[in-house]
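File shown: data_15.pdb. Contents: PDB, C-alpha atoms and all ligand atoms.
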```
ATOM      1  CA  MET A   1     105.709 -61.147 -78.491
ATOM      2  CA  ASN A   2     102.856 -59.022 -77.204
ATOM      3  CA  THR A   3     104.071 -55.441 -77.270
ATOM      4  CA  ILE A   4     104.590 -53.253 -80.293
ATOM      5  CA  MET A   5     107.834 -51.261 -80.359
ATOM      6  CA  THR A   6     107.783 -47.689 -81.675
ATOM      7  CA  VAL A   7     110.678 -45.231 -81.829
ATOM      8  CA  LEU A   8     109.355 -43.704 -78.583
ATOM      9  CA  GLY A   9     109.022 -47.039 -76.783
ATOM     10  CA  PRO A  10     106.498 -49.862 -76.499
ATOM     11  CA  ILE A  11     102.784 -49.333 -77.011
ATOM     12  CA  GLU A  12      99.831 -51.577 -76.327
ATOM     13  CA  THR A  13      98.004 -53.163 -79.214
ATOM     14  CA  LYS A  14      94.876 -51.110 -78.479
ATOM     15  CA  ASP A  15      96.880 -47.930 -79.194
ATOM     16  CA  LEU A  16      98.016 -48.932 -82.700
ATOM     17  CA  GLY A  17      94.882 -47.561 -84.384
ATOM     18  CA  PHE A  18      94.746 -46.903 -88.129
ATOM     19  CA  CYS A  19      98.081 -48.082 -89.549
ATOM     20  CA  GLN A  20      99.797 -47.845 -92.955
ATOM     21  CA  PHE A  21     102.250 -50.696 -92.935
ATOM     22  CA  HIS A  22     105.009 -49.630 -95.356
ATOM     23  CA  GLU A  23     105.973 -45.974 -95.742
ATOM     24  CA  HIS A  24     109.139 -43.898 -96.065
ATOM     25  CA  ILE A  25     108.978 -40.527 -94.347
ATOM     26  CA  ALA A  26     112.724 -39.874 -94.125
ATOM     27  CA  ILE A  27     115.750 -40.940 -96.180
ATOM     28  CA  SER A  28     119.156 -39.280 -95.860
ATOM     29  CA  MET A  29     121.358 -38.345 -98.829
ATOM     30  CA  GLY A  30     123.176 -41.465 -99.994
ATOM     31  CA  MET A  31     123.176 -44.260-102.537
ATOM     32  CA  SER A  32     119.373 -44.214-102.679
ATOM     33  CA  TYR A  33     119.515 -40.622-103.947
ATOM     34  CA  LEU A  34     122.031 -41.554-106.639
ATOM     35  CA  ILE A  35     119.581 -44.182-107.890
ATOM     36  CA  SER A  36     116.509 -41.927-107.694
ATOM     37  CA  SER A  37     116.399 -38.309-106.548
ATOM     38  CA  GLN A  38     112.965 -39.068-105.051
ATOM     39  CA  LEU A  39     114.652 -41.316-102.496
ATOM     40  CA  TYR A  40     115.925 -38.387-100.494
ATOM     41  CA  MET A  41     113.843 -36.557 -97.903
ATOM     42  CA  ASP A  42     115.552 -35.323 -94.784
ATOM     43  CA  ASP A  43     113.644 -32.119 -94.059
ATOM     44  CA  MET A  44     112.294 -32.462 -90.554
ATOM     45  CA  GLN A  45     109.610 -29.771 -91.047
ATOM     46  CA  LYS A  46     108.340 -31.263 -94.287
ATOM     47  CA  SER A  47     108.232 -34.810 -92.960
ATOM     48  CA  LEU A  48     106.407 -33.542 -89.871
ATOM     49  CA  GLU A  49     103.937 -31.586 -92.015
ATOM     50  CA  GLU A  50     103.187 -34.735 -94.009
ATOM     51  CA  VAL A  51     102.730 -36.922 -90.947
ATOM     52  CA  LEU A  52     100.421 -34.287 -89.408
ATOM     53  CA  ARG A  53      98.391 -34.332 -92.629
ATOM     54  CA  TYR A  54      97.986 -38.092 -92.141
ATOM     55  CA  LYS A  55      97.085 -37.647 -88.473
ATOM     56  CA  ASN A  56      94.519 -34.941 -89.172
ATOM     57  CA  LYS A  57      92.626 -37.319 -91.441
ATOM     58  CA  GLY A  58      92.597 -40.114 -88.859
ATOM     59  CA  GLY A  59      95.977 -41.867 -89.166
ATOM     60  CA  ASN A  60      97.541 -43.192 -85.942
ATOM     61  CA  THR A  61     100.564 -45.320 -86.870
ATOM     62  CA  LEU A  62     103.154 -45.598 -89.645
ATOM     63  CA  ILE A  63     105.841 -48.156 -90.285
ATOM     64  CA  ASP A  64     108.973 -46.590 -91.753
ATOM     65  CA  ALA A  65     110.507 -49.216 -94.022
ATOM     66  CA  GLN A  66     114.005 -47.736 -94.407
ATOM     67  CA  PRO A  67     116.484 -50.136 -92.772
ATOM     68  CA  GLY A  68     119.612 -49.165 -90.816
ATOM     69  CA  GLY A  69     122.875 -48.763 -92.721
ATOM     70  CA  CYS A  70     120.814 -47.573 -95.682
ATOM     71  CA  ASN A  71     119.984 -43.895 -95.093
ATOM     72  CA  ARG A  72     117.549 -44.374 -92.210
ATOM     73  CA  ILE A  73     117.312 -41.226 -90.024
ATOM     74  CA  VAL A  74     116.517 -42.299 -86.469
ATOM     75  CA  PRO A  75     116.555 -38.821 -84.818
ATOM     76  CA  LEU A  76     114.152 -37.479 -87.443
ATOM     77  CA  LEU A  77     111.746 -40.388 -86.912
ATOM     78  CA  GLN A  78     111.863 -39.843 -83.143
ATOM     79  CA  SER A  79     111.311 -36.126 -83.448
ATOM     80  CA  VAL A  80     108.393 -36.476 -85.889
ATOM     81  CA  ALA A  81     106.776 -39.100 -83.645
ATOM     82  CA  GLN A  82     107.164 -36.837 -80.629
ATOM     83  CA  LYS A  83     105.849 -33.694 -82.316
ATOM     84  CA  SER A  84     102.995 -35.341 -84.241
ATOM     85  CA  GLY A  85     101.751 -37.905 -81.741
ATOM     86  CA  VAL A  86     101.714 -40.496 -84.555
ATOM     87  CA  ASN A  87     103.292 -43.852 -83.633
ATOM     88  CA  ILE A  88     106.294 -44.566 -85.847
ATOM     89  CA  ILE A  89     107.744 -48.062 -86.010
ATOM     90  CA  ALA A  90     111.275 -48.198 -87.438
ATOM     91  CA  SER A  91     113.041 -50.980 -89.319
ATOM     92  CA  THR A  92     116.249 -52.869 -88.865
ATOM     93  CA  GLY A  93     117.251 -55.258 -91.652
ATOM     94  CA  PHE A  94     118.590 -54.708 -95.151
ATOM     95  CA  HIS A  95     117.554 -53.295 -98.505
ATOM     96  CA  LYS A  96     118.405 -54.407-102.046
ATOM     97  CA  LEU A  97     122.175 -54.505-102.400
ATOM     98  CA  ILE A  98     122.054 -51.948-105.197
ATOM     99  CA  PHE A  99     121.380 -49.397-102.424
ATOM    100  CA  TYR A 100     124.794 -49.927-100.778
ATOM    101  CA  PRO A 101     128.150 -48.586-101.957
ATOM    102  CA  GLU A 102     130.717 -51.228-102.932
ATOM    103  CA  ASN A 103     132.790 -50.613 -99.829
ATOM    104  CA  HIS A 104     129.826 -50.841 -97.438
ATOM    105  CA  TRP A 105     130.254 -52.980 -94.322
ATOM    106  CA  ILE A 106     127.205 -55.106 -95.202
ATOM    107  CA  HIS A 107     129.149 -56.895 -97.981
ATOM    108  CA  PRO A 108     131.959 -58.479 -95.932
ATOM    109  CA  ILE A 109     130.112 -58.880 -92.602
ATOM    110  CA  SER A 110     129.537 -62.466 -91.425
ATOM    111  CA  GLU A 111     126.037 -63.891 -91.143
ATOM    112  CA  GLU A 112     126.431 -64.251 -87.394
ATOM    113  CA  LYS A 113     127.596 -60.681 -86.836
ATOM    114  CA  LEU A 114     124.854 -59.307 -89.073
ATOM    115  CA  SER A 115     122.228 -61.280 -87.236
ATOM    116  CA  GLN A 116     123.510 -59.920 -83.902
ATOM    117  CA  TYR A 117     123.388 -56.392 -85.358
ATOM    118  CA  PHE A 118     119.681 -56.862 -86.216
ATOM    119  CA  ILE A 119     118.996 -58.332 -82.766
ATOM    120  CA  ASP A 120     120.790 -55.409 -81.057
ATOM    121  CA  GLU A 121     118.673 -52.937 -83.018
ATOM    122  CA  LEU A 122     115.463 -54.723 -81.993
ATOM    123  CA  ASN A 123     116.372 -55.404 -78.365
ATOM    124  CA  ASP A 124     118.609 -52.492 -77.319
ATOM    125  CA  GLY A 125     118.651 -49.575 -79.758
ATOM    126  CA  MET A 126     119.267 -48.664 -83.373
ATOM    127  CA  TYR A 127     122.811 -47.907 -84.527
ATOM    128  CA  LEU A 128     123.507 -44.361 -85.658
ATOM    129  CA  GLU A 129     125.792 -42.993 -88.393
ATOM    130  CA  ASN A 130     126.214 -46.450 -89.919
ATOM    131  CA  ASP A 131     125.567 -45.746 -93.602
ATOM    132  CA  LEU A 132     129.252 -45.905 -94.455
ATOM    133  CA  ASN A 133     131.083 -47.127 -91.380
ATOM    134  CA  TYR A 134     130.143 -49.927 -89.053
ATOM    135  CA  SER A 135     129.188 -47.846 -86.032
ATOM    136  CA  THR A 136     128.849 -48.965 -82.435
ATOM    137  CA  VAL A 137     126.942 -45.849 -81.324
ATOM    138  CA  GLN A 138     123.368 -46.780 -80.443
ATOM    139  CA  SER A 139     120.232 -44.705 -80.035
ATOM    140  CA  THR A 140     117.865 -45.479 -77.186
ATOM    141  CA  ALA A 141     115.154 -45.968 -79.821
ATOM    142  CA  ARG A 142     114.584 -49.581 -80.833
ATOM    143  CA  ALA A 143     113.531 -50.991 -84.206
ATOM    144  CA  GLY A 144     110.167 -52.758 -84.238
ATOM    145  CA  ILE A 145     110.352 -54.815 -87.426
ATOM    146  CA  ILE A 146     112.903 -56.423 -89.780
ATOM    147  CA  LYS A 147     112.765 -55.004 -93.315
ATOM    148  CA  THR A 148     114.373 -57.120 -96.027
ATOM    149  CA  ALA A 149     114.459 -57.132 -99.814
ATOM    150  CA  LEU A 150     114.509 -59.884-102.410
ATOM    151  CA  ASP A 151     115.596 -58.649-105.810
ATOM    152  CA  THR A 152     115.870 -60.423-109.125
ATOM    153  CA  GLU A 153     119.016 -62.249-107.981
ATOM    154  CA  ASN A 154     116.829 -64.297-105.627
ATOM    155  CA  LEU A 155     118.793 -66.449-103.148
ATOM    156  CA  THR A 156     122.342 -66.132-104.450
ATOM    157  CA  PRO A 157     124.986 -66.655-101.724
ATOM    158  CA  ARG A 158     125.051 -62.995-100.706
ATOM    159  CA  TYR A 159     121.255 -62.837-100.316
ATOM    160  CA  HIS A 160     121.285 -66.253 -98.636
ATOM    161  CA  LYS A 161     123.537 -64.733 -95.957
ATOM    162  CA  LEU A 162     121.303 -61.679 -95.511
ATOM    163  CA  PHE A 163     118.063 -63.664 -95.242
ATOM    164  CA  SER A 164     119.603 -66.267 -92.924
ATOM    165  CA  ALA A 165     120.705 -63.441 -90.603
ATOM    166  CA  ALA A 166     117.232 -61.868 -90.731
ATOM    167  CA  ALA A 167     115.571 -65.244 -90.040
ATOM    168  CA  ARG A 168     117.733 -65.792 -86.982
ATOM    169  CA  ALA A 169     116.908 -62.304 -85.673
ATOM    170  CA  CYS A 170     113.212 -62.972 -86.263
ATOM    171  CA  ILE A 171     113.292 -66.246 -84.336
ATOM    172  CA  GLU A 172     115.342 -64.827 -81.473
ATOM    173  CA  THR A 173     113.320 -61.612 -80.986
ATOM    174  CA  GLY A 174     109.848 -62.684 -82.144
ATOM    175  CA  ARG A 175     109.672 -59.642 -84.439
ATOM    176  CA  SER A 176     108.259 -59.949 -87.959
ATOM    177  CA  ILE A 177     110.024 -59.782 -91.327
ATOM    178  CA  MET A 178     108.779 -57.458 -94.046
ATOM    179  CA  ILE A 179     110.024 -58.424 -97.524
ATOM    180  CA  HIS A 180     110.349 -56.148-100.566
ATOM    181  CA  ILE A 181     109.469 -58.164-103.690
ATOM    182  CA  GLU A 182     109.866 -57.095-107.284
ATOM    183  CA  LYS A 183     109.171 -58.415-110.752
ATOM    184  CA  ALA A 184     111.246 -61.570-111.337
ATOM    185  CA  SER A 185     111.734 -62.132-107.595
ATOM    186  CA  ASP A 186     110.522 -65.563-106.514
ATOM    187  CA  PRO A 187     108.494 -65.040-103.326
ATOM    188  CA  ILE A 188     107.498 -68.722-103.066
ATOM    189  CA  LEU A 189     111.154 -69.760-103.020
ATOM    190  CA  LEU A 190     111.769 -67.278-100.202
ATOM    191  CA  LEU A 191     108.640 -68.342 -98.288
ATOM    192  CA  GLU A 192     109.879 -71.943 -98.354
ATOM    193  CA  PHE A 193     113.421 -70.919 -97.425
ATOM    194  CA  LEU A 194     112.258 -68.883 -94.420
ATOM    195  CA  ILE A 195     109.972 -71.712 -93.241
ATOM    196  CA  GLN A 196     112.974 -74.070 -93.437
ATOM    197  CA  GLN A 197     114.939 -71.609 -91.307
ATOM    198  CA  GLY A 198     112.198 -71.785 -88.657
ATOM    199  CA  VAL A 199     110.297 -68.546 -89.350
ATOM    200  CA  LYS A 200     106.515 -68.881 -89.022
ATOM    201  CA  PRO A 201     104.514 -67.690 -92.051
ATOM    202  CA  ALA A 202     102.547 -65.415 -89.677
ATOM    203  CA  GLN A 203     105.821 -63.516 -89.118
ATOM    204  CA  MET A 204     106.285 -62.787 -92.835
ATOM    205  CA  ILE A 205     104.923 -59.799 -94.745
ATOM    206  CA  PHE A 206     105.416 -59.905 -98.524
ATOM    207  CA  CYS A 207     105.326 -56.380-100.002
ATOM    208  CA  HIS A 208     104.456 -54.953-103.433
ATOM    209  CA  LEU A 209     103.020 -58.129-105.003
ATOM    210  CA  ASP A 210     100.186 -55.967-106.337
ATOM    211  CA  ARG A 211     102.664 -54.384-108.748
ATOM    212  CA  ALA A 212     105.313 -57.109-108.931
ATOM    213  CA  ILE A 213     103.390 -60.346-109.463
ATOM    214  CA  ASP A 214     100.455 -60.382-111.881
ATOM    215  CA  ASP A 215      99.568 -64.019-111.258
ATOM    216  CA  LEU A 216      97.137 -63.903-108.326
ATOM    217  CA  SER A 217      97.518 -67.636-107.722
ATOM    218  CA  ILE A 218     100.947 -66.772-106.255
ATOM    219  CA  HIS A 219      99.372 -64.173-103.931
ATOM    220  CA  LYS A 220      96.876 -66.820-102.856
ATOM    221  CA  ARG A 221      99.544 -69.459-102.195
ATOM    222  CA  ILE A 222     101.414 -67.049 -99.920
ATOM    223  CA  ALA A 223      98.256 -65.961 -98.101
ATOM    224  CA  SER A 224      97.089 -69.590 -97.765
ATOM    225  CA  ALA A 225     100.371 -70.411 -96.033
ATOM    226  CA  GLY A 226      99.453 -67.807 -93.382
ATOM    227  CA  ALA A 227     101.789 -64.989 -94.439
ATOM    228  CA  PHE A 228     100.652 -61.400 -95.021
ATOM    229  CA  LEU A 229     100.496 -59.502 -98.302
ATOM    230  CA  GLU A 230     101.185 -55.766 -98.079
ATOM    231  CA  TYR A 231      99.675 -53.954-101.078
ATOM    232  CA  ASP A 232     100.778 -50.412-101.811
ATOM    233  CA  THR A 233     100.214 -49.715-105.501
ATOM    234  CA  ILE A 234      97.494 -47.312-104.438
ATOM    235  CA  GLY A 235      97.615 -43.898-106.141
ATOM    236  CA  ARG A 236     100.629 -45.103-108.168
ATOM    237  CA  PHE A 237      99.283 -44.447-111.586
ATOM    238  CA  LYS A 238     102.520 -45.199-113.448
ATOM    239  CA  TYR A 239     101.853 -48.844-112.561
ATOM    240  CA  HIS A 240      98.069 -49.018-112.745
ATOM    241  CA  SER A 241      94.845 -47.216-111.836
ATOM    242  CA  ASP A 242      93.119 -47.447-108.473
ATOM    243  CA  GLU A 243      90.338 -49.328-110.260
ATOM    244  CA  GLN A 244      92.799 -52.025-111.320
ATOM    245  CA  GLU A 245      94.165 -52.099-107.783
ATOM    246  CA  LEU A 246      90.633 -52.619-106.489
ATOM    247  CA  THR A 247      90.149 -55.531-108.887
ATOM    248  CA  ILE A 248      93.111 -57.302-107.256
ATOM    249  CA  ILE A 249      91.898 -56.450-103.744
ATOM    250  CA  SER A 250      88.315 -57.545-104.471
ATOM    251  CA  GLU A 251      89.473 -60.862-105.914
ATOM    252  CA  MET A 252      91.585 -61.551-102.817
ATOM    253  CA  LEU A 253      88.705 -60.612-100.507
ATOM    254  CA  LYS A 254      86.292 -62.775-102.489
ATOM    255  CA  SER A 255      88.712 -65.667-102.088
ATOM    256  CA  GLY A 256      88.585 -65.267 -98.301
ATOM    257  CA  PHE A 257      91.941 -63.623 -97.598
ATOM    258  CA  GLU A 258      90.773 -60.565 -95.664
ATOM    259  CA  HIS A 259      92.828 -61.668 -92.639
ATOM    260  CA  GLN A 260      96.072 -61.621 -94.623
ATOM    261  CA  LEU A 261      96.003 -58.166 -96.244
ATOM    262  CA  LEU A 262      97.789 -54.931 -95.234
ATOM    263  CA  PHE A 263      97.676 -51.678 -97.223
ATOM    264  CA  SER A 264     100.002 -48.706 -97.526
ATOM    265  CA  LEU A 265     101.432 -46.156 -99.985
ATOM    266  CA  ASP A 266     105.225 -46.806 -99.932
ATOM    267  CA  THR A 267     105.781 -43.041-100.103
ATOM    268  CA  THR A 268     108.836 -41.247-101.429
ATOM    269  CA  ALA A 269     109.435 -37.518-101.898
ATOM    270  CA  ALA A 270     107.402 -37.825-105.110
ATOM    271  CA  ARG A 271     104.268 -38.889-103.243
ATOM    272  CA  MET A 272     104.369 -36.642-100.182
ATOM    273  CA  LYS A 273     102.705 -33.238-100.639
ATOM    274  CA  ALA A 274     105.172 -31.460 -98.336
ATOM    275  CA  TYR A 275     108.005 -32.443-100.713
ATOM    276  CA  SER A 276     106.046 -32.380-104.004
ATOM    277  CA  PRO A 277     102.957 -30.132-103.908
ATOM    278  CA  ASP A 278     101.146 -32.041-106.694
ATOM    279  CA  ALA A 279     101.617 -35.406-105.001
ATOM    280  CA  ILE A 280      98.793 -37.605-103.693
ATOM    281  CA  GLY A 281      99.915 -37.138-100.063
ATOM    282  CA  LEU A 282     100.352 -39.530 -97.157
ATOM    283  CA  ASP A 283      96.649 -39.058 -96.358
ATOM    284  CA  TYR A 284      95.505 -40.352 -99.778
ATOM    285  CA  ILE A 285      94.068 -43.600 -98.429
ATOM    286  CA  LEU A 286      92.088 -41.759 -95.762
ATOM    287  CA  THR A 287      90.857 -38.947 -98.000
ATOM    288  CA  THR A 288      90.272 -40.849-101.234
ATOM    289  CA  PHE A 289      90.977 -44.555-101.381
ATOM    290  CA  LEU A 290      88.703 -45.596 -98.500
ATOM    291  CA  ASN A 291      85.767 -44.142-100.436
ATOM    292  CA  LYS A 292      86.839 -46.023-103.539
ATOM    293  CA  MET A 293      86.976 -49.207-101.451
ATOM    294  CA  LYS A 294      83.453 -48.589-100.138
ATOM    295  CA  ASN A 295      82.209 -47.929-103.670
ATOM    296  CA  ALA A 296      83.723 -51.267-104.671
ATOM    297  CA  ALA A 297      81.481 -52.927-102.041
ATOM    298  CA  ILE A 298      84.265 -53.533 -99.543
ATOM    299  CA  SER A 299      82.593 -53.494 -96.118
ATOM    300  CA  ASP A 300      83.466 -51.388 -93.077
ATOM    301  CA  THR A 301      84.284 -54.613 -91.229
ATOM    302  CA  GLN A 302      86.789 -55.594 -93.918
ATOM    303  CA  ILE A 303      88.296 -52.098 -93.914
ATOM    304  CA  ARG A 304      88.670 -52.183 -90.155
ATOM    305  CA  ARG A 305      90.294 -55.594 -90.335
ATOM    306  CA  ILE A 306      92.847 -54.486 -92.922
ATOM    307  CA  PHE A 307      93.890 -51.161 -91.377
ATOM    308  CA  TYR A 308      93.589 -52.068 -87.683
ATOM    309  CA  ASP A 309      93.341 -55.747 -86.730
ATOM    310  CA  ASN A 310      95.651 -57.242 -89.360
ATOM    311  CA  CYS A 311      98.355 -54.679 -88.546
ATOM    312  CA  ILE A 312      98.342 -55.773 -84.901
ATOM    313  CA  LYS A 313      98.456 -59.443 -85.895
ATOM    314  CA  ALA A 314     101.306 -58.849 -88.345
ATOM    315  CA  LEU A 315     103.357 -57.017 -85.705
ATOM    316  CA  ILE A 316     102.866 -59.355 -82.766
ATOM    317  CA  ASN A 317     102.327 -62.514 -84.851
ATOM    318  CA  GLN A 318      99.989 -64.167 -82.406
TER     319      GLN A 318
HETATM  320 ZN    ZN A 401     109.469 -49.270 -99.587
END
```

Whole structure given in structure tokens:
Amino acid sequence: MNTIMTVLGPIETKDLGFCQFHEHIAISMGMSYLISSQLYMDDMQKSLEEVLRYKNKGGNTLIDAQPGGCNRIVPLLQSVAQKSGVNIIASTGFHKLIFYPENHWIHPISEEKLSQYFIDELNDGMYLENDLNYSTVQSTARAGIIKTALDTENLTPRYHKLFSAAARACIETGRSIMIHIEKASDPILLLEFLIQQGVKPAQMIFCHLDRAIDDLSIHKRIASAGAFLEYDTIGRFKYHSDEQELTIISEMLKSGFEHQLLFSLDTTAARMKAYSPDAIGLDYILTTFLNKMKNAAISDTQIRRIFYDNCIKALINQ
């Protein structure tokens, strides 16, 4: 796999630029909103304003981590990419099952059919209008990554089906798998399961461990295996301060894992200025956190590796 797929088509690795690896810039009204009102942002102008704010401070690429069938808005992503000039990479895959209504098609679908659905989204085009009904209408825009989620259930039969389907899509298309992890998820169990299925660790990106898993020896085991860790508890003060975040980052860098780290903000309406004026904004890393990293003695070379080189490696897994 040597091209990167955005919602406007393939780009070369040299055009990826500064990349935040796990964001949400659009979520339609649905189950997510019923769980948290911050998980709803479908205003094209506001999302564009926020992405332009990111671009104006030096941002080039965003990965939108909202999977299909779960309030992803493909036309909005395409339009924002077109109008802003920022590369947007969209996700196929699945979210935590709490985000799907009981009668959603993802519950009864077979592993084989689900896997083919992911492959279609990566190879041909993302399905539209599929939040409630299983739709066969496809956009011309293709997904560029497989977003998945491990919740506290871990690998019960229904999650076993979902992850097996994602693993097959990963192997068949060469695209990477991004995995939402939360407290009481067992990322090591999943790492071993995916390896057994034939997925290379270099194709796996474990997200949110900086707020989900306090024991850094687990972070180190995952990074030692060759998988990526995507940290995004930056400017998320309800979890911890940026200084505490930097303690985790510095420890991982000191231990030699600078090739395995990716950073982002995991934005919702609560953290985008266009939706919430007091929010930190999608440009927070560029305007504020990079300086905090430099003050914590993180070098320009390490910063470049994390926001540029590692993002390319994690997308093309070569
Ligand atoms: Zn997310």

request  = Could you tell me which residues the PyMOL selection byres (((not hetatm)) within 10 of (chain A and resi 401)) returns for this structure, as a ChimeraX atom specification?
outcome  = /A:21-24,39,64-67,95,147-149,178-181,207-208,232,264-268

request  = Starting from the shown file, work through the PyMOL selection byres (((chain A and resi 175) around 9) and not hetatm) and note down what comes out as a list in words.
outcome  =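 Written out, the selection comes to Met1, Leu122, Gly144, Ile145, Ile146, Ala169, Cys170, Ile171, Glu172, Thr173, Gly174, Ser176, Ile177, Gln203, Leu315, Ile316 and Asn317 of chain A.
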
Counting all atoms listed in the file, the residue of A:Leu190, A:Leu8, A:Gln197, A:Arg211 that sits nearest Ser139 of chain A =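 For Ser139 of chain A, the nearest of the candidates is A:Leu8.
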
query = In terms of the shortest atom-to-atom distance over all atoms listed in the file, which of A:Ile213, A:Cys70, A:Ala269, A:Leu262 is closest to Ser37 of chain A?
reply = A:Ala269

Taking 3 positions as the minimum chain separation for residues in the same chain, which residues sit within 6 Å of Met272 of chain A when counting all atoms listed in the file? Answer as a PDB file with C-alpha atoms, in the coordinates of the input.
```
ATOM      1  CA  ALA A 269     109.435 -37.518-101.898  1.00  0.00           C
ATOM      2  CA  TYR A 275     108.005 -32.443-100.713  1.00  0.00           C
ATOM      3  CA  SER A 276     106.046 -32.380-104.004  1.00  0.00           C
ATOM      4  CA  ALA A 279     101.617 -35.406-105.001  1.00  0.00           C
ATOM      5  CA  GLY A 281      99.915 -37.138-100.063  1.00  0.00           C
ATOM      6  CA  LEU A 282     100.352 -39.530 -97.157  1.00  0.00           C
TER       7      LEU A 282
END
```

key: Who sits within 12 Å of Ile106 of chain A, all atoms listed in the file, same chain under 6 positions skipped, as a count of residues only   = 27

Kindly resolve the PyMOL selection byres (((chain A and resi 224-226) around 10) and not hetatm) on the present coordinates and return the residues as a PDB file with C-alpha atoms, in the coordinates of the input.
```pdb
ATOM      1  CA  LEU A 191     108.640 -68.342 -98.288  1.00  0.00           C
ATOM      2  CA  GLU A 192     109.879 -71.943 -98.354  1.00  0.00           C
ATOM      3  CA  LYS A 200     106.515 -68.881 -89.022  1.00  0.00           C
ATOM      4  CA  PRO A 201     104.514 -67.690 -92.051  1.00  0.00           C
ATOM      5  CA  ALA A 202     102.547 -65.415 -89.677  1.00  0.00           C
ATOM      6  CA  GLN A 203     105.821 -63.516 -89.118  1.00  0.00           C
ATOM      7  CA  MET A 204     106.285 -62.787 -92.835  1.00  0.00           C
ATOM      8  CA  ILE A 205     104.923 -59.799 -94.745  1.00  0.00           C
ATOM      9  CA  ILE A 218     100.947 -66.772-106.255  1.00  0.00           C
ATOM     10  CA  HIS A 219      99.372 -64.173-103.931  1.00  0.00           C
ATOM     11  CA  LYS A 220      96.876 -66.820-102.856  1.00  0.00           C
ATOM     12  CA  ARG A 221      99.544 -69.459-102.195  1.00  0.00           C
ATOM     13  CA  ILE A 222     101.414 -67.049 -99.920  1.00  0.00           C
ATOM     14  CA  ALA A 223      98.256 -65.961 -98.101  1.00  0.00           C
ATOM     15  CA  ALA A 227     101.789 -64.989 -94.439  1.00  0.00           C
ATOM     16  CA  PHE A 228     100.652 -61.400 -95.021  1.00  0.00           C
ATOM     17  CA  LEU A 229     100.496 -59.502 -98.302  1.00  0.00           C
ATOM     18  CA  GLY A 256      88.585 -65.267 -98.301  1.00  0.00           C
ATOM     19  CA  PHE A 257      91.941 -63.623 -97.598  1.00  0.00           C
ATOM     20  CA  HIS A 259      92.828 -61.668 -92.639  1.00  0.00           C
ATOM     21  CA  GLN A 260      96.072 -61.621 -94.623  1.00  0.00           C
TER      22      GLN A 260
END
```

Please complete segment 57-68 of chain A so it has N, CA and C atoms, and hand it over as a PDB file, in the coordinates of the input.
```pdb
ATOM      1  N   LYS A  57      93.689 -36.581 -90.741  1.00  0.00           N
ATOM      2  CA  LYS A  57      92.626 -37.319 -91.441  1.00  0.00           C
ATOM      3  C   LYS A  57      92.303 -38.648 -90.758  1.00  0.00           C
ATOM      4  N   GLY A  58      92.960 -38.916 -89.628  1.00  0.00           N
ATOM      5  CA  GLY A  58      92.597 -40.114 -88.859  1.00  0.00           C
ATOM      6  C   GLY A  58      93.681 -41.172 -88.749  1.00  0.00           C
ATOM      7  N   GLY A  59      94.883 -40.893 -89.249  1.00  0.00           N
ATOM      8  CA  GLY A  59      95.977 -41.867 -89.166  1.00  0.00           C
ATOM      9  C   GLY A  59      96.592 -41.887 -87.773  1.00  0.00           C
ATOM     10  N   ASN A  60      96.945 -43.074 -87.277  1.00  0.00           N
ATOM     11  CA  ASN A  60      97.541 -43.192 -85.942  1.00  0.00           C
ATOM     12  C   ASN A  60      98.962 -43.741 -85.939  1.00  0.00           C
ATOM     13  N   THR A  61      99.267 -44.626 -86.899  1.00  0.00           N
ATOM     14  CA  THR A  61     100.564 -45.320 -86.870  1.00  0.00           C
ATOM     15  C   THR A  61     101.121 -45.467 -88.285  1.00  0.00           C
ATOM     16  N   LEU A  62     102.452 -45.383 -88.373  1.00  0.00           N
ATOM     17  CA  LEU A  62     103.154 -45.598 -89.645  1.00  0.00           C
ATOM     18  C   LEU A  62     104.321 -46.540 -89.403  1.00  0.00           C
ATOM     19  N   ILE A  63     104.603 -47.389 -90.347  1.00  0.00           N
ATOM     20  CA  ILE A  63     105.841 -48.156 -90.285  1.00  0.00           C
ATOM     21  C   ILE A  63     106.790 -47.565 -91.307  1.00  0.00           C
ATOM     22  N   ASP A  64     107.965 -47.136 -90.840  1.00  0.00           N
ATOM     23  CA  ASP A  64     108.973 -46.590 -91.753  1.00  0.00           C
ATOM     24  C   ASP A  64     109.864 -47.747 -92.185  1.00  0.00           C
ATOM     25  N   ALA A  65     109.879 -47.997 -93.498  1.00  0.00           N
ATOM     26  CA  ALA A  65     110.507 -49.216 -94.022  1.00  0.00           C
ATOM     27  C   ALA A  65     111.952 -49.009 -94.494  1.00  0.00           C
ATOM     28  N   GLN A  66     112.610 -47.954 -93.998  1.00  0.00           N
ATOM     29  CA  GLN A  66     114.005 -47.736 -94.407  1.00  0.00           C
ATOM     30  C   GLN A  66     114.930 -48.393 -93.381  1.00  0.00           C
ATOM     31  N   PRO A  67     115.676 -49.436 -93.773  1.00  0.00           N
ATOM     32  CA  PRO A  67     116.484 -50.136 -92.772  1.00  0.00           C
ATOM     33  C   PRO A  67     117.771 -49.398 -92.405  1.00  0.00           C
ATOM     34  N   GLY A  68     118.351 -49.751 -91.279  1.00  0.00           N
ATOM     35  CA  GLY A  68     119.612 -49.165 -90.816  1.00  0.00           C
ATOM     36  C   GLY A  68     120.753 -49.469 -91.774  1.00  0.00           C
TER      37      GLY A  68
END
```
